[in-house]
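Below is one structure, written out as structure tokens; the observations come after it.
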Amino acid sequence: MKLLIKSATIVDQQSDYHLKQADIFIKDGIIIKIGNSIKEKADKEINIQGLHVSQGWFDTSVSFGEPGYEERETIENGLKTAAFSGFTDVVLNAHSNPTIDNSSAIHSIKAKAQGNAVNLLPTGALTVKTESVDLAELYDMGNAGAVSFADYKKPVSNPNLLKIALQYAQNFDGLVQSFPLEKKIAGKGIVNEHHNSTLLGLKGIPNLAEDLQIARDLYLLEYTDGKLHIPTISTEKSVALIKEAKKKGLDVTCSVAIHNLILTDDLLSEFDTRAKVLPPLRTKKDTKALIKGLKEGTIDFVTSDHDPIDIENKKVEFDNASYGSIGLESAFGALHTIFSTEETIEILTRGRSRFKSENIKIAEKETAKLSFFLPEVKYTFEKSDILSTSQNSIFLGQQLKGKAIGIFNNNQLIIAE
């Protein structure tokens, strides 16, 4: 395939063409030439006013449902959604039925995604059936292609089990994840414990439930000298704890869900179940700390934390509704409301080697792994912007800035024109 991209602004701090407008000619998936007024004949030409292009974006936490919950999202439609949302690589959670807790399941997931424009990187369950009792087949899943091991949205309740996992995974450079929630402290809480939970009569999850679990996990990490990723933190204290751990030289990374960066528990006033997420939306004080932590590098990744939920489990009483929000389609536009274009792209492309993926700069003779976006578009996020099978977006009705329109990856072009 020959592709000619005309007059695109390149946003790539590793590239010699950073913030320059240029034509890009690609042949058989390789960038052949970058320059002004390229005249090469192409099978496809892209010429869109205001077009920007960057290295491919990366998401550390998406769920698609398949196998078992295909009515929420299939792998095929999930990867299509990721592509039109600007993501070339996504890490898939073991959030399915049956659980992805063995090498055969990893092979099956990879086979279903084979040949796609988006690279799917599977996470294997940390424990059998994510029940936090016995370790799953970590070594075998790693050999099959699992890039990390996690029980999605479920904490490892037994500290000795996490200790053993951290020790065992060192034998094959495995990345262990531990969800930050102390369930006995959280109790029956479903939203952030603060004045809004009291005002609305909803049981609260205190910050302590997250902070205490992270403190425990970091002690275990220091003891084992292992390798740990803490997904979707949400509190000011969590940022401080991880910052201190990094100063000690511990091998720890963490992420934050984009909705926890931008939205607060003030959104709960309408009892809209789309705002029921885990960890819960916190306060303005927490969001400020999270933004600061992301800017200074304490927080390594943002994630859409894309989690499709069918209407039967979402459009019910608040107490009974499932946690989760889709987030791929809104990810760039939401993040771009609080960060500059350069900052947003740097955040969306950073640190991917942690999950066995690689950054490829925009340069001649390099493989083309590109995301396309229009940074200046301002709009209200509506149902018409949703590509997912499920409609449970926490950002519906929110004002966003910037829109992803597609990708070029694996010698395939996916773009909305």
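Each chain in the structure tokens gets a letter, A, B and so on, in the order shown; residues start at 1 in every chain, and ligands are counted from 1 in the order they appear.
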
Point to revise | Sel. of helix (DSSP H, G or I) residues, stretch 141-370 of chain A, as number ranges by chain | key: A: 141-144, 159-172, 183-186, 195-200, 207-224, 236-247, 258-262, 265-270, 273-275, 284-296, 311-314, 318-320, 331-335, 341-349, 352-355

Practice item. Could you give me the residues within stretch 61-102 of chain A that DSSP places in strand (DSSP E), as a PyMOL selection string? Key: chain A and resi 61-62+87-92

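In this structure, atom CA of A:Asn192 sits 5.7 Å away from atom CA of A:Arg282.
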
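The residue that comes closest to A:Ile326, out of A:Gly65, A:Pro122, A:Gly189, A:Gly402 and on the basis of only C-alpha atoms, is A:Gly65.
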
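If you look at atom CA of A:Asn102 and atom CA of A:Ala144, they are 9.0 Å away from each other.
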
Practice item. Tell me which of A:Val91, A:Ile291, A:Val62, A:Ala125 sits closest to A:Ala105, counting only C-alpha atoms. Key: A:Ala125

Review point. Using only C-alpha atoms, which residues sit within 10 Å of A:Thr341 once same-chain residues fewer than 6 positions away are excluded, as a list of chain:residue names?
Key: A:Val11, A:His52, A:Phe332, A:Leu335, A:Ile347, A:Pro375, A:Glu376, A:Gly402

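Among the candidates A:Thr127, A:Thr264, A:Thr380, A:Asn392, the residue lying nearest to A:Ser322 is A:Asn392 (atoms considered: only C-alpha atoms).
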
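Minimum atom-to-atom distance to A:Gly397, evaluated using only C-alpha atoms, belongs to A:Arg274 out of A:Arg274, A:Gln114, A:Pro280, A:Lys154.
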
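Atom CA of A:Pro279 is found 17.4 Å from atom CA of A:Ala331.
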
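If you count only C-alpha atoms and ignore residues fewer than 4 places along the chain from A:Ala289, what sits within 7 Å of it is Glu236, Lys285 and Gly293 of chain A.
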
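With only C-alpha atoms as the basis for measurement, A:Gln391 is the residue among A:Gln412, A:Thr337, A:Gln391, A:Asn160 that approaches A:Pro308 most closely.
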
**Study point:** Residues within 12 Å of A:Asn313, only C-alpha atoms, excluding chain neighbours under 5 positions, as a ChimeraX atom specification
**Key:** /A:69,71-72,273-274,276,308,318-325,390-392

Export N, CA and C atoms of the chosen residues as a PDB file, in the first residue's frame?
```
ATOM      1  N   TYR A  69     -19.234 -11.945  27.248  1.00  0.00           N
ATOM      2  CA  TYR A  69     -20.085 -10.754  27.326  1.00  0.00           C
ATOM      3  C   TYR A  69     -20.084 -10.018  25.988  1.00  0.00           C
ATOM      4  N   GLU A  71     -22.392  -9.152  24.139  1.00  0.00           N
ATOM      5  CA  GLU A  71     -23.414  -8.116  24.006  1.00  0.00           C
ATOM      6  C   GLU A  71     -22.895  -6.755  24.466  1.00  0.00           C
ATOM      7  N   ARG A  72     -21.848  -6.741  25.268  1.00  0.00           N
ATOM      8  CA  ARG A  72     -21.233  -5.489  25.708  1.00  0.00           C
ATOM      9  C   ARG A  72     -20.266  -4.949  24.660  1.00  0.00           C
ATOM     10  N   THR A 273     -26.070   6.651  36.680  1.00  0.00           N
ATOM     11  CA  THR A 273     -25.224   5.487  36.920  1.00  0.00           C
ATOM     12  C   THR A 273     -24.002   5.435  36.013  1.00  0.00           C
ATOM     13  N   ARG A 274     -23.987   6.242  34.946  1.00  0.00           N
ATOM     14  CA  ARG A 274     -22.781   6.295  34.117  1.00  0.00           C
ATOM     15  C   ARG A 274     -21.602   6.852  34.914  1.00  0.00           C
ATOM     16  N   LYS A 276     -20.970   5.980  37.953  1.00  0.00           N
ATOM     17  CA  LYS A 276     -20.572   4.979  38.952  1.00  0.00           C
ATOM     18  C   LYS A 276     -19.389   4.207  38.402  1.00  0.00           C
ATOM     19  N   PRO A 308     -17.100  -1.461  28.763  1.00  0.00           N
ATOM     20  CA  PRO A 308     -18.492  -1.470  28.296  1.00  0.00           C
ATOM     21  C   PRO A 308     -19.386  -2.299  29.229  1.00  0.00           C
ATOM     22  N   PHE A 318     -29.090   3.111  41.390  1.00  0.00           N
ATOM     23  CA  PHE A 318     -27.666   3.410  41.551  1.00  0.00           C
ATOM     24  C   PHE A 318     -26.967   2.328  42.363  1.00  0.00           C
ATOM     25  N   ASP A 319     -27.580   1.878  43.447  1.00  0.00           N
ATOM     26  CA  ASP A 319     -26.968   0.856  44.299  1.00  0.00           C
ATOM     27  C   ASP A 319     -26.705  -0.435  43.533  1.00  0.00           C
ATOM     28  N   ASN A 320     -27.573  -0.761  42.594  1.00  0.00           N
ATOM     29  CA  ASN A 320     -27.491  -2.044  41.890  1.00  0.00           C
ATOM     30  C   ASN A 320     -26.716  -1.985  40.580  1.00  0.00           C
ATOM     31  N   ALA A 321     -26.391  -0.808  40.114  1.00  0.00           N
ATOM     32  CA  ALA A 321     -25.704  -0.662  38.830  1.00  0.00           C
ATOM     33  C   ALA A 321     -24.264  -1.164  38.908  1.00  0.00           C
ATOM     34  N   SER A 322     -23.773  -1.705  37.799  1.00  0.00           N
ATOM     35  CA  SER A 322     -22.377  -2.145  37.717  1.00  0.00           C
ATOM     36  C   SER A 322     -21.459  -0.934  37.591  1.00  0.00           C
ATOM     37  N   TYR A 323     -20.239  -1.087  38.079  1.00  0.00           N
ATOM     38  CA  TYR A 323     -19.219  -0.065  37.892  1.00  0.00           C
ATOM     39  C   TYR A 323     -18.729  -0.080  36.449  1.00  0.00           C
ATOM     40  N   GLY A 324     -18.320   1.086  35.954  1.00  0.00           N
ATOM     41  CA  GLY A 324     -17.625   1.114  34.674  1.00  0.00           C
ATOM     42  C   GLY A 324     -18.156   2.135  33.693  1.00  0.00           C
ATOM     43  N   SER A 325     -17.258   2.606  32.854  1.00  0.00           N
ATOM     44  CA  SER A 325     -17.593   3.550  31.784  1.00  0.00           C
ATOM     45  C   SER A 325     -16.757   3.222  30.561  1.00  0.00           C
ATOM     46  N   SER A 390     -21.810  -0.707  23.730  1.00  0.00           N
ATOM     47  CA  SER A 390     -22.428  -0.150  24.934  1.00  0.00           C
ATOM     48  C   SER A 390     -22.357   1.370  24.899  1.00  0.00           C
ATOM     49  N   GLN A 391     -23.274   1.994  25.627  1.00  0.00           N
ATOM     50  CA  GLN A 391     -23.404   3.460  25.579  1.00  0.00           C
ATOM     51  C   GLN A 391     -23.055   4.132  26.910  1.00  0.00           C
ATOM     52  N   ASN A 392     -22.448   3.392  27.808  1.00  0.00           N
ATOM     53  CA  ASN A 392     -22.258   3.878  29.187  1.00  0.00           C
ATOM     54  C   ASN A 392     -21.057   4.806  29.339  1.00  0.00           C
TER      55      ASN A 392
END
```

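Taking only C-alpha atoms, the non-local environment of A:Glu358 within 12 Å (same-chain residues fewer than 3 positions away omitted) comprises Gln55, Gly56, Trp57, Phe58, Thr88, Asp89, Asn119, Leu121, Thr349, Arg350, Gly351, Arg352, Ser353, Arg354, Phe355, Lys361, Thr367 and Lys369 of chain A.
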
**Study point:** Nearest to A:Gly78 by atom-to-atom distance, counting only C-alpha atoms, from A:Val252, A:Ile262, A:Val118, A:Ala42
**Key:** A:Val118

Exercise for review: Find the residues around stretch 210-212 of chain A up to 8 Å (only C-alpha atoms counted), leave out those fewer than 4 positions away in its own chain, and share them as a list in words.
Suggested key: Pro180, Leu181, Glu182, Pro206, Arg216, Ile233, Ser234, Thr235, Lys237, Ser238 and Leu241 of chain A

Residues from last step as file, C-alpha atoms, as a PDB file, in the first residue's frame:
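Output file out36.pdb follows:
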```pdb
ATOM      1  CA  PRO A 180      -5.660  -0.477  45.013  1.00  0.00           C
ATOM      2  CA  LEU A 181      -8.671  -1.216  47.225  1.00  0.00           C
ATOM      3  CA  GLU A 182      -8.832  -2.543  50.780  1.00  0.00           C
ATOM      4  CA  PRO A 206     -12.983   6.480  51.931  1.00  0.00           C
ATOM      5  CA  ARG A 216       0.716  -2.499  51.910  1.00  0.00           C
ATOM      6  CA  ILE A 233      -5.150   5.434  41.380  1.00  0.00           C
ATOM      7  CA  SER A 234      -7.492   8.213  42.497  1.00  0.00           C
ATOM      8  CA  THR A 235      -6.316   9.931  45.701  1.00  0.00           C
ATOM      9  CA  LYS A 237      -2.196  10.305  49.259  1.00  0.00           C
ATOM     10  CA  SER A 238      -1.706   7.594  46.617  1.00  0.00           C
ATOM     11  CA  LEU A 241       3.061   7.175  48.484  1.00  0.00           C
TER      12      LEU A 241
END
```
